[in-house]
>>> print(open('target-v6.cif').read())   # mmCIF, C-alpha atoms and all ligand atoms
data_target
#
loop_
_atom_site.label_atom_id
_atom_site.label_comp_id
_atom_site.auth_asym_id
_atom_site.auth_seq_id
_atom_site.Cartn_x
_atom_site.Cartn_y
_atom_site.Cartn_z
CA MET A 1344 -54.60 -20.07 19.60
CA LYS A 1345 -51.09 -21.13 18.68
CA GLU A 1346 -52.21 -22.16 15.19
CA LYS A 1347 -54.00 -18.87 14.77
CA ILE A 1348 -50.90 -16.87 15.63
CA THR A 1349 -48.72 -18.99 13.31
CA SER A 1350 -51.12 -18.54 10.45
CA LEU A 1351 -51.33 -14.77 11.04
CA LEU A 1352 -47.57 -14.57 11.09
CA GLU A 1353 -47.41 -16.43 7.78
CA GLN A 1354 -49.93 -14.01 6.32
CA ALA A 1355 -47.97 -11.03 7.54
CA GLU A 1356 -44.77 -12.45 6.14
CA ALA A 1357 -46.32 -13.10 2.76
CA TYR A 1358 -48.02 -9.70 2.60
CA SER A 1359 -46.46 -7.81 -0.23
CA ILE A 1360 -45.99 -4.09 0.30
CA GLU A 1361 -45.10 -2.25 -2.86
CA ASN A 1362 -46.29 1.27 -2.21
CA THR A 1363 -47.58 3.57 0.51
CA ASP A 1364 -51.18 2.34 0.07
CA HIS A 1365 -50.13 -1.25 0.68
CA SER A 1366 -48.19 -0.12 3.69
CA GLU A 1367 -51.27 1.59 5.14
CA GLN A 1368 -53.47 -1.45 4.41
CA PHE A 1369 -50.94 -3.61 6.18
CA ARG A 1370 -51.08 -1.35 9.20
CA LEU A 1371 -54.89 -1.41 9.25
CA LYS A 1372 -55.04 -5.18 8.95
CA PHE A 1373 -52.45 -6.05 11.56
CA LEU A 1374 -51.53 -3.13 13.75
CA SER A 1375 -54.54 -0.83 14.04
CA LYS A 1376 -57.00 -0.74 16.91
CA LYS A 1377 -59.34 -3.12 15.14
CA GLY A 1378 -56.48 -5.12 13.63
CA GLU A 1379 -55.39 -8.71 14.16
CA LEU A 1380 -52.88 -7.92 16.83
CA ASN A 1381 -55.42 -6.27 19.09
CA ASN A 1382 -57.80 -9.19 18.52
CA LEU A 1383 -55.05 -11.51 19.73
CA PHE A 1384 -54.51 -9.42 22.83
CA ALA A 1385 -58.26 -9.56 23.49
CA ASP A 1386 -58.27 -13.37 23.14
CA PHE A 1387 -55.23 -13.61 25.37
CA LYS A 1388 -57.47 -13.04 28.42
CA ASN A 1389 -59.03 -16.44 27.83
CA VAL A 1390 -55.76 -18.35 27.57
CA PRO A 1391 -55.31 -20.74 30.54
CA ASN A 1392 -52.68 -19.51 32.98
CA GLU A 1393 -50.20 -22.32 32.30
CA GLU A 1394 -50.10 -21.44 28.58
CA LYS A 1395 -49.91 -17.68 29.05
CA LYS A 1396 -46.12 -17.54 28.99
CA GLU A 1397 -45.74 -19.39 25.72
CA ILE A 1398 -48.65 -17.71 23.91
CA GLY A 1399 -47.57 -14.30 25.21
CA ALA A 1400 -44.13 -14.80 23.69
CA LEU A 1401 -45.65 -15.80 20.34
CA ILE A 1402 -47.90 -12.74 20.27
CA ASN A 1403 -44.97 -10.51 21.09
CA ALA A 1404 -42.88 -12.01 18.29
CA PHE A 1405 -45.79 -11.47 15.91
CA LYS A 1406 -46.16 -7.88 17.07
CA GLU A 1407 -42.47 -7.17 16.59
CA PHE A 1408 -42.47 -8.66 13.14
CA CYS A 1409 -45.47 -6.60 11.98
CA GLN A 1410 -44.16 -3.41 13.50
CA SER A 1411 -40.71 -3.70 11.95
CA LYS A 1412 -42.09 -4.70 8.56
CA TYR A 1413 -44.37 -1.67 8.65
CA ASP A 1414 -41.60 0.68 9.84
CA ALA A 1415 -39.21 -0.53 7.16
CA SER A 1416 -41.80 -0.03 4.43
CA LYS A 1417 -42.57 3.47 5.66
CA GLU A 1418 -38.93 4.39 5.67
CA LEU A 1419 -38.40 2.97 2.21
CA PHE A 1420 -41.27 4.84 0.67
CA SER A 1421 -40.53 8.10 2.40
CA ALA A 1422 -36.90 7.95 1.17
CA SER A 1423 -37.94 7.21 -2.37
CA ALA A 1424 -40.64 9.87 -2.17
CA SER A 1425 -38.11 12.51 -1.21
CA ALA A 1426 -35.69 11.26 -3.87
CA GLN A 1427 -38.55 11.57 -6.34
CA SER A 1428 -39.33 15.12 -5.31
CA ILE A 1429 -35.66 16.12 -5.52
CA LYS A 1430 -35.57 14.67 -9.00
CA ASP A 1431 -38.48 16.85 -9.91
CA ASP A 1432 -37.11 20.09 -8.47
CA PHE A 1433 -33.63 20.91 -9.66
CA THR A 1434 -33.53 24.16 -7.73
CA LYS A 1435 -33.54 22.38 -4.36
CA PRO A 1436 -30.19 22.32 -2.57
CA GLY A 1437 -28.38 18.96 -2.69
CA PHE A 1438 -27.84 16.69 0.28
CA PRO A 1439 -24.69 17.77 2.07
CA TYR A 1440 -22.30 14.89 2.42
CA ALA A 1441 -19.32 14.63 4.70
CA SER A 1442 -16.09 14.89 2.79
CA GLY A 1443 -12.90 13.31 4.07
CA GLY A 1444 -9.50 14.93 4.39
CA ILE A 1445 -5.98 14.04 3.43
CA HIS A 1446 -4.06 12.25 6.17
CA PRO A 1447 -1.37 14.56 7.59
CA LEU A 1448 1.35 12.04 6.71
CA THR A 1449 0.12 11.85 3.12
CA ALA A 1450 -0.04 15.63 2.91
CA THR A 1451 3.52 15.90 4.26
CA ARG A 1452 4.83 13.21 1.93
CA GLN A 1453 3.21 14.87 -1.08
CA ARG A 1454 4.61 18.25 -0.09
CA ILE A 1455 8.14 16.82 0.17
CA ILE A 1456 7.78 15.07 -3.19
CA SER A 1457 6.41 18.10 -5.00
CA ILE A 1458 9.29 20.27 -3.73
CA PHE A 1459 11.89 17.85 -5.07
CA GLU A 1460 9.98 17.21 -8.29
CA LYS A 1461 10.45 20.87 -9.17
CA ILE A 1462 14.21 20.27 -9.36
CA GLY A 1463 14.01 17.10 -11.40
CA PHE A 1464 13.65 14.31 -8.83
CA THR A 1465 11.37 11.37 -9.64
CA VAL A 1466 9.77 8.89 -7.25
CA ALA A 1467 10.89 5.27 -6.85
CA SER A 1468 9.81 2.52 -4.50
CA GLY A 1469 11.00 -0.83 -3.19
CA PRO A 1470 9.75 -3.76 -1.11
CA GLU A 1471 9.08 -3.56 2.63
CA ILE A 1472 10.40 -7.09 3.11
CA GLU A 1473 14.10 -6.93 2.41
CA ASP A 1474 17.11 -9.21 2.43
CA ASP A 1475 20.25 -8.55 4.40
CA TRP A 1476 22.13 -7.41 1.30
CA HIS A 1477 19.83 -4.52 0.37
CA ASN A 1478 19.07 -3.37 3.90
CA PHE A 1479 22.57 -3.73 5.37
CA SER A 1480 25.51 -5.32 3.51
CA ALA A 1481 25.38 -3.30 0.29
CA LEU A 1482 25.07 -0.18 2.42
CA ASN A 1483 28.35 -0.95 4.08
CA PHE A 1484 27.02 -1.99 7.49
CA PRO A 1485 29.77 -3.99 9.19
CA GLU A 1486 28.88 -7.59 10.05
CA ASN A 1487 28.47 -6.79 13.74
CA HIS A 1488 26.82 -3.37 13.43
CA PRO A 1489 24.25 -2.83 16.22
CA ALA A 1490 21.51 -1.88 13.70
CA ARG A 1491 21.48 -5.51 12.59
CA ASP A 1492 20.69 -6.52 16.10
CA MET A 1493 17.49 -8.35 17.01
CA GLN A 1494 16.57 -5.36 19.16
CA ASP A 1495 16.25 -3.06 16.18
CA THR A 1496 15.23 -5.29 13.33
CA PHE A 1497 12.15 -7.42 12.79
CA PHE A 1498 13.58 -10.56 11.23
CA ILE A 1499 11.26 -12.79 9.24
CA ASP A 1500 13.72 -15.66 8.94
CA SER A 1501 17.48 -15.99 8.60
CA LYS A 1502 17.40 -14.29 5.18
CA PHE A 1503 14.64 -11.69 5.28
CA ALA A 1504 13.66 -8.80 7.53
CA LEU A 1505 11.26 -5.84 7.46
CA ARG A 1506 13.31 -2.95 6.11
CA THR A 1507 14.60 -0.67 8.82
CA HIS A 1508 15.07 2.29 6.49
CA THR A 1509 14.32 3.36 2.92
CA SER A 1510 18.05 3.44 2.15
CA SER A 1511 17.56 -0.12 0.87
CA VAL A 1512 15.70 1.33 -2.12
CA GLN A 1513 18.85 3.27 -3.10
CA VAL A 1514 20.62 -0.04 -3.56
CA ARG A 1515 17.85 -1.54 -5.69
CA LEU A 1516 17.70 1.59 -7.82
CA MET A 1517 21.45 1.69 -8.44
CA GLU A 1518 21.70 -2.04 -9.10
CA ASN A 1519 18.96 -1.99 -11.71
CA ASN A 1520 19.48 1.33 -13.48
CA LYS A 1521 22.22 3.43 -14.95
CA PRO A 1522 23.29 6.80 -13.51
CA PRO A 1523 22.55 9.69 -13.35
CA PHE A 1524 19.98 9.39 -10.53
CA ARG A 1525 17.75 12.03 -9.02
CA SER A 1526 15.35 9.97 -6.99
CA LEU A 1527 13.05 10.23 -4.03
CA MET A 1528 12.02 7.04 -2.28
CA PRO A 1529 9.17 7.40 0.18
CA GLY A 1530 7.96 4.42 2.17
CA ARG A 1531 7.15 2.67 5.40
CA VAL A 1532 9.91 1.30 7.60
CA TYR A 1533 9.92 -0.93 10.67
CA ARG A 1534 11.92 -1.05 13.88
CA ASN A 1535 11.60 -3.22 16.89
CA GLU A 1536 10.93 -0.40 19.34
CA ALA A 1537 8.59 -0.07 22.29
CA ILE A 1538 5.66 2.11 21.22
CA SER A 1539 5.55 5.51 22.91
CA ALA A 1540 4.77 9.15 22.11
CA ARG A 1541 8.16 9.45 20.42
CA ALA A 1542 8.80 6.00 18.94
CA HIS A 1543 6.78 3.46 17.00
CA CYS A 1544 7.46 0.04 15.54
CA PHE A 1545 6.67 1.44 12.10
CA PHE A 1546 6.98 4.89 10.59
CA HIS A 1547 7.66 6.54 7.26
CA GLN A 1548 10.75 7.94 5.62
CA VAL A 1549 11.66 9.71 2.43
CA GLU A 1550 15.03 8.82 1.01
CA GLY A 1551 16.80 10.94 -1.58
CA LEU A 1552 19.59 10.00 -3.97
CA TYR A 1553 21.48 12.20 -6.40
CA ILE A 1554 24.26 10.58 -8.42
CA ASP A 1555 26.02 12.10 -11.40
CA LYS A 1556 29.48 13.13 -12.58
CA ASN A 1557 31.19 15.78 -10.44
CA VAL A 1558 28.59 16.02 -7.68
CA SER A 1559 29.98 17.78 -4.64
CA PHE A 1560 29.05 18.36 -1.01
CA ALA A 1561 28.17 21.93 -2.01
CA ASP A 1562 25.52 20.56 -4.41
CA MET A 1563 24.02 18.62 -1.54
CA LYS A 1564 24.03 21.64 0.74
CA GLN A 1565 22.35 23.85 -1.85
CA THR A 1566 19.71 21.21 -2.67
CA LEU A 1567 18.83 20.74 0.99
CA LEU A 1568 18.76 24.50 1.59
CA TYR A 1569 16.32 24.86 -1.32
CA PHE A 1570 14.15 22.09 0.16
CA SER A 1571 14.18 23.59 3.65
CA LYS A 1572 13.16 27.05 2.45
CA GLU A 1573 10.33 25.61 0.37
CA MET A 1574 9.15 23.38 3.19
CA PHE A 1575 9.49 25.66 6.20
CA GLY A 1576 9.62 29.20 4.76
CA GLU A 1577 11.99 31.53 2.91
CA GLN A 1578 13.71 32.75 6.10
CA THR A 1579 14.84 29.19 7.02
CA LYS A 1580 18.56 28.55 7.49
CA ILE A 1581 20.24 25.15 7.66
CA ARG A 1582 23.24 23.78 9.47
CA LEU A 1583 25.12 20.55 8.85
CA ARG A 1584 26.68 18.77 11.80
CA PRO A 1585 29.27 16.00 11.27
CA SER A 1586 27.78 12.57 11.90
CA TYR A 1587 28.23 8.93 10.97
CA PHE A 1588 26.29 6.61 8.68
CA PRO A 1589 27.94 3.50 7.22
CA PHE A 1590 26.76 4.35 3.70
CA THR A 1591 27.91 7.98 3.46
CA GLU A 1592 31.31 9.62 3.82
CA PRO A 1593 31.39 12.33 4.99
CA SER A 1594 28.05 12.11 6.80
CA ALA A 1595 26.05 14.87 8.39
CA GLU A 1596 22.90 15.58 10.30
CA MET A 1597 20.94 18.56 9.12
CA ASP A 1598 19.15 21.06 11.34
CA VAL A 1599 16.83 23.85 10.25
CA THR A 1600 16.17 27.05 12.16
CA CYS A 1601 13.15 26.47 14.36
CA PHE A 1602 10.16 27.66 12.37
CA ILE A 1603 7.92 27.58 15.40
CA CYS A 1604 9.72 30.30 17.36
CA ASN A 1605 11.70 31.78 14.44
CA ALA A 1606 14.88 30.50 16.08
CA LYS A 1607 14.25 32.55 19.22
CA GLY A 1608 14.07 29.42 21.40
CA CYS A 1609 11.05 27.36 22.45
CA ASN A 1610 10.39 23.91 23.87
CA VAL A 1611 10.16 22.32 20.40
CA CYS A 1612 13.78 23.31 19.62
CA LYS A 1613 14.74 22.89 23.28
CA HIS A 1614 15.71 26.57 23.31
CA SER A 1615 18.52 26.01 20.83
CA GLY A 1616 16.81 27.67 17.86
CA TRP A 1617 17.51 24.57 15.71
CA VAL A 1618 15.61 21.35 14.97
CA GLU A 1619 17.13 18.25 13.42
CA ILE A 1620 15.25 16.98 10.38
CA MET A 1621 17.44 14.57 8.42
CA GLY A 1622 20.60 12.57 7.92
CA CYS A 1623 22.65 13.03 4.77
CA GLY A 1624 26.07 12.67 3.21
CA MET A 1625 28.14 11.84 0.15
CA VAL A 1626 27.44 8.28 -0.96
CA ASP A 1627 30.36 6.11 0.17
CA PRO A 1628 32.37 4.85 -2.87
CA GLU A 1629 32.06 1.33 -1.38
CA VAL A 1630 28.27 1.56 -1.78
CA LEU A 1631 28.61 2.68 -5.40
CA LYS A 1632 30.91 -0.28 -6.07
CA ASN A 1633 28.55 -2.69 -4.33
CA CYS A 1634 25.80 -1.53 -6.69
CA GLY A 1635 27.92 -1.82 -9.84
CA ILE A 1636 28.57 1.89 -10.33
CA ASP A 1637 32.02 3.18 -11.26
CA ASP A 1638 33.10 5.26 -8.28
CA GLN A 1639 35.90 6.83 -10.32
CA VAL A 1640 33.37 8.41 -12.66
CA TYR A 1641 30.36 9.01 -10.47
CA SER A 1642 29.75 10.57 -7.10
CA GLY A 1643 26.65 11.79 -5.33
CA PHE A 1644 24.77 12.45 -2.18
CA ALA A 1645 21.94 10.84 -0.27
CA PHE A 1646 19.62 11.95 2.47
CA GLY A 1647 16.87 10.47 4.56
CA MET A 1648 14.15 12.03 6.70
CA GLY A 1649 11.26 10.80 8.81
CA ILE A 1650 7.86 11.91 7.53
CA GLU A 1651 6.30 11.68 11.00
CA ARG A 1652 9.03 13.87 12.42
CA ILE A 1653 8.44 16.58 9.82
CA ALA A 1654 4.64 16.35 10.21
CA MET A 1655 4.98 16.53 14.00
CA LEU A 1656 7.08 19.67 13.73
CA LYS A 1657 4.95 21.27 11.05
CA TYR A 1658 1.59 20.57 12.66
CA ARG A 1659 2.85 20.55 16.26
CA VAL A 1660 1.65 17.06 17.01
CA ASN A 1661 3.16 15.81 20.25
CA ASP A 1662 2.32 12.11 20.08
CA LEU A 1663 3.47 9.86 17.24
CA ARG A 1664 0.75 7.32 17.95
CA LEU A 1665 -1.96 9.73 16.83
CA PHE A 1666 -0.94 9.23 13.20
CA SER A 1667 -1.93 5.58 13.16
CA GLU A 1668 -4.92 5.50 15.50
CA ASN A 1669 -7.45 6.70 12.92
CA ASP A 1670 -9.26 8.83 15.47
CA VAL A 1671 -11.47 11.14 13.41
CA ARG A 1672 -11.26 13.86 16.07
CA PHE A 1673 -7.54 14.05 15.25
CA LEU A 1674 -7.84 13.57 11.49
CA LYS A 1675 -10.61 16.16 11.08
CA GLN A 1676 -8.19 18.86 12.17
CA PHE A 1677 -6.26 18.33 8.94
CA GLN A 1678 -9.17 18.57 6.51
CA SER A 1679 -7.67 21.65 4.95
CA ALA A 1680 -4.05 20.45 4.98
CA ASP A 1681 -2.62 21.15 1.57
CA GLU A 1682 -1.34 18.30 -0.50
N1 LIG A 1701 18.87 5.58 6.77
C1 LIG A 1701 19.06 6.56 7.81
C2 LIG A 1701 18.16 6.23 8.99
O1 LIG A 1701 17.21 5.50 8.85
C3 LIG A 1701 18.75 7.93 7.32
C4 LIG A 1701 19.75 8.40 6.32
C5 LIG A 1701 20.87 9.05 6.77
C6 LIG A 1701 19.56 8.20 4.98
C7 LIG A 1701 21.83 9.50 5.86
C8 LIG A 1701 20.49 8.63 4.07
C9 LIG A 1701 21.64 9.30 4.53
O2 LIG A 1701 20.38 8.46 2.75
O3 LIG A 1701 22.54 9.73 3.63
O4 LIG A 1701 18.38 6.72 10.07
#
>>> encode(input="target-v6.cif", output="structure tokens")
Amino acid sequence: MKEKITSLLEQAEAYSIENTDHSEQFRLKFLSKKGELNNLFADFKNVPNEEKKEIGALINAFKEFCQSKYDASKELFSASASAQSIKDDFTKPGFPYASGGIHPLTATRQRIISIFEKIGFTVASGPEIEDDWHNFSALNFPENHPARDMQDTFFIDSKFALRTHTSSVQVRLMENNKPPFRSLMPGRVYRNEAISARAHCFFHQVEGLYIDKNVSFADMKQTLLYFSKEMFGEQTKIRLRPSYFPFTEPSAEMDVTCFICNAKGCNVCKHSGWVEIMGCGMVDPEVLKNCGIDDQVYSGFAFGMGIERIAMLKYRVNDLRLFSENDVRFLKQFQSADE
């Protein structure tokens, strides 16, 4: 009996099925009422009890093989048959296929870029693994500044770290090119933070740099007002609050009128009517010097904003982690987000 099953299995394996007729013949030979499989089941009655377990398993394996070979052939030929009929009838509607959407962070980044491109900014990029000079020293961070601390920075070794902000790209740009600059530098940044709804160990920023002769704080204010109106609506107002960054002097933090409640007060703006969206300031002359630019001739401004923060405000997302979890139930909600 064992030999018989093995030889039938070999036959079934070798059976070539090239069309629907072959597939039907295969079924008749092996799987039909009068087919080989049923014959085996009939013979099984005569198998001595002590062999039943082993022979039973062999018959089952044979059955499974034949059934799946037959099923696969049926599926193959029915798919190609329908493809064939579609080919023949051009008036039939096409197969609908699921289209993806643009990730909300990508959509936000592209929106920011396209707003600044309209006023002459171009995009630049730099490495995510940075040395101390580009991430800190050239940007005027004092030797013992807390941002250099192990708690904030992912160090790779004594020389390299994952960049903690895109401001490092400013330095590379200024070192390697000649002014004037009108640049936007989007990219991913890393901080050694506990992951929560409001903080992550990586996120995205867009850095801006504008350097030329006779650039003033008023130029910065007007540029950022233009951006805010384009991004959040014509009625948007901005306010600049004094702040501190080692690489700008004077430095400011910029708020926009809350576009969710039209500055009337809601829980997003904590009932103040304002939401903070970026840091900015006039590039510190020390930074220009560090990058080989004559600070007597040139001046300029810089700004930096978090893409997640802007996307969270714009789309009212209340958990930062959602952006990197790739949950399609979240992502599908942005299928129509404009780029
Ligand atoms: N690098 C700052 C940060 O990560 C953001 C920033 C503030 C960038 C002021 C700038 C600036 O260019 O001028 O928090």
>>> closest_residue(input="target-v6.cif", among="A:Tyr1553, A:Phe1602, A:Phe1575, A:Trp1617", to="ligand LIG 1701 (chain A)", atoms="only C-alpha atoms and all ligand atoms")
A:Tyr1553
>>> residues_around(input="target-v6.cif", residues="stretch 1464-1473 of chain A", least_positions_apart="5", cutoff="9 Å", atoms="only C-alpha atoms", output="ChimeraX atom specification")
/A:1456,1458-1459,1478,1499,1502-1507,1509,1511-1513,1515-1516,1524-1533,1551-1553
>>> atom_distance(input="target-v6.cif", atom1="atom CA of A:Ala1404", atom2="atom CA of A:Glu1346")
14.1 Å
>>> axis_aligned_box(input="target-v6.cif", around="ligand LIG 1701 (chain A)", padding_each_side="5 Å", output="JSON")
{"center_x": 19.9, "center_y": 7.6, "center_z": 6.4, "size_x": 15.3, "size_y": 14.2, "size_z": 17.3}
>>> closest_atom_pairs(input="target-v6.cif", of="chain A", to="ligand LIG 1701 (chain A)", cutoff="7 Å", atoms="all atoms listed in the file", output="tab-separated table")
residue	atom	partner	partner_atom	distance
A:Thr1507	CA	A:LIG1701	O1	6.7
A:His1508	CA	A:LIG1701	O1	4.5
A:Thr1509	CA	A:LIG1701	N1	6.4
A:Ser1510	CA	A:LIG1701	N1	5.2
A:Glu1550	CA	A:LIG1701	O2	5.6
A:Gly1551	CA	A:LIG1701	O2	6.1
A:Leu1552	CA	A:LIG1701	O2	6.9
A:Phe1588	CA	A:LIG1701	C7	6.0
A:Phe1590	CA	A:LIG1701	O3	6.8
A:Thr1591	CA	A:LIG1701	O3	5.7
A:Ser1594	CA	A:LIG1701	O3	6.8
A:Met1621	CA	A:LIG1701	C5	6.7
A:Gly1622	CA	A:LIG1701	C5	3.7
A:Cys1623	CA	A:LIG1701	O3	3.5
A:Gly1624	CA	A:LIG1701	O3	4.6
A:Met1625	CA	A:LIG1701	O3	6.9
A:Val1626	CA	A:LIG1701	O3	6.9
A:Phe1644	CA	A:LIG1701	O3	6.8
A:Ala1645	CA	A:LIG1701	O3	4.1
A:Phe1646	CA	A:LIG1701	O2	3.6
A:Gly1647	CA	A:LIG1701	C6	3.5
A:Met1648	CA	A:LIG1701	C3	6.2
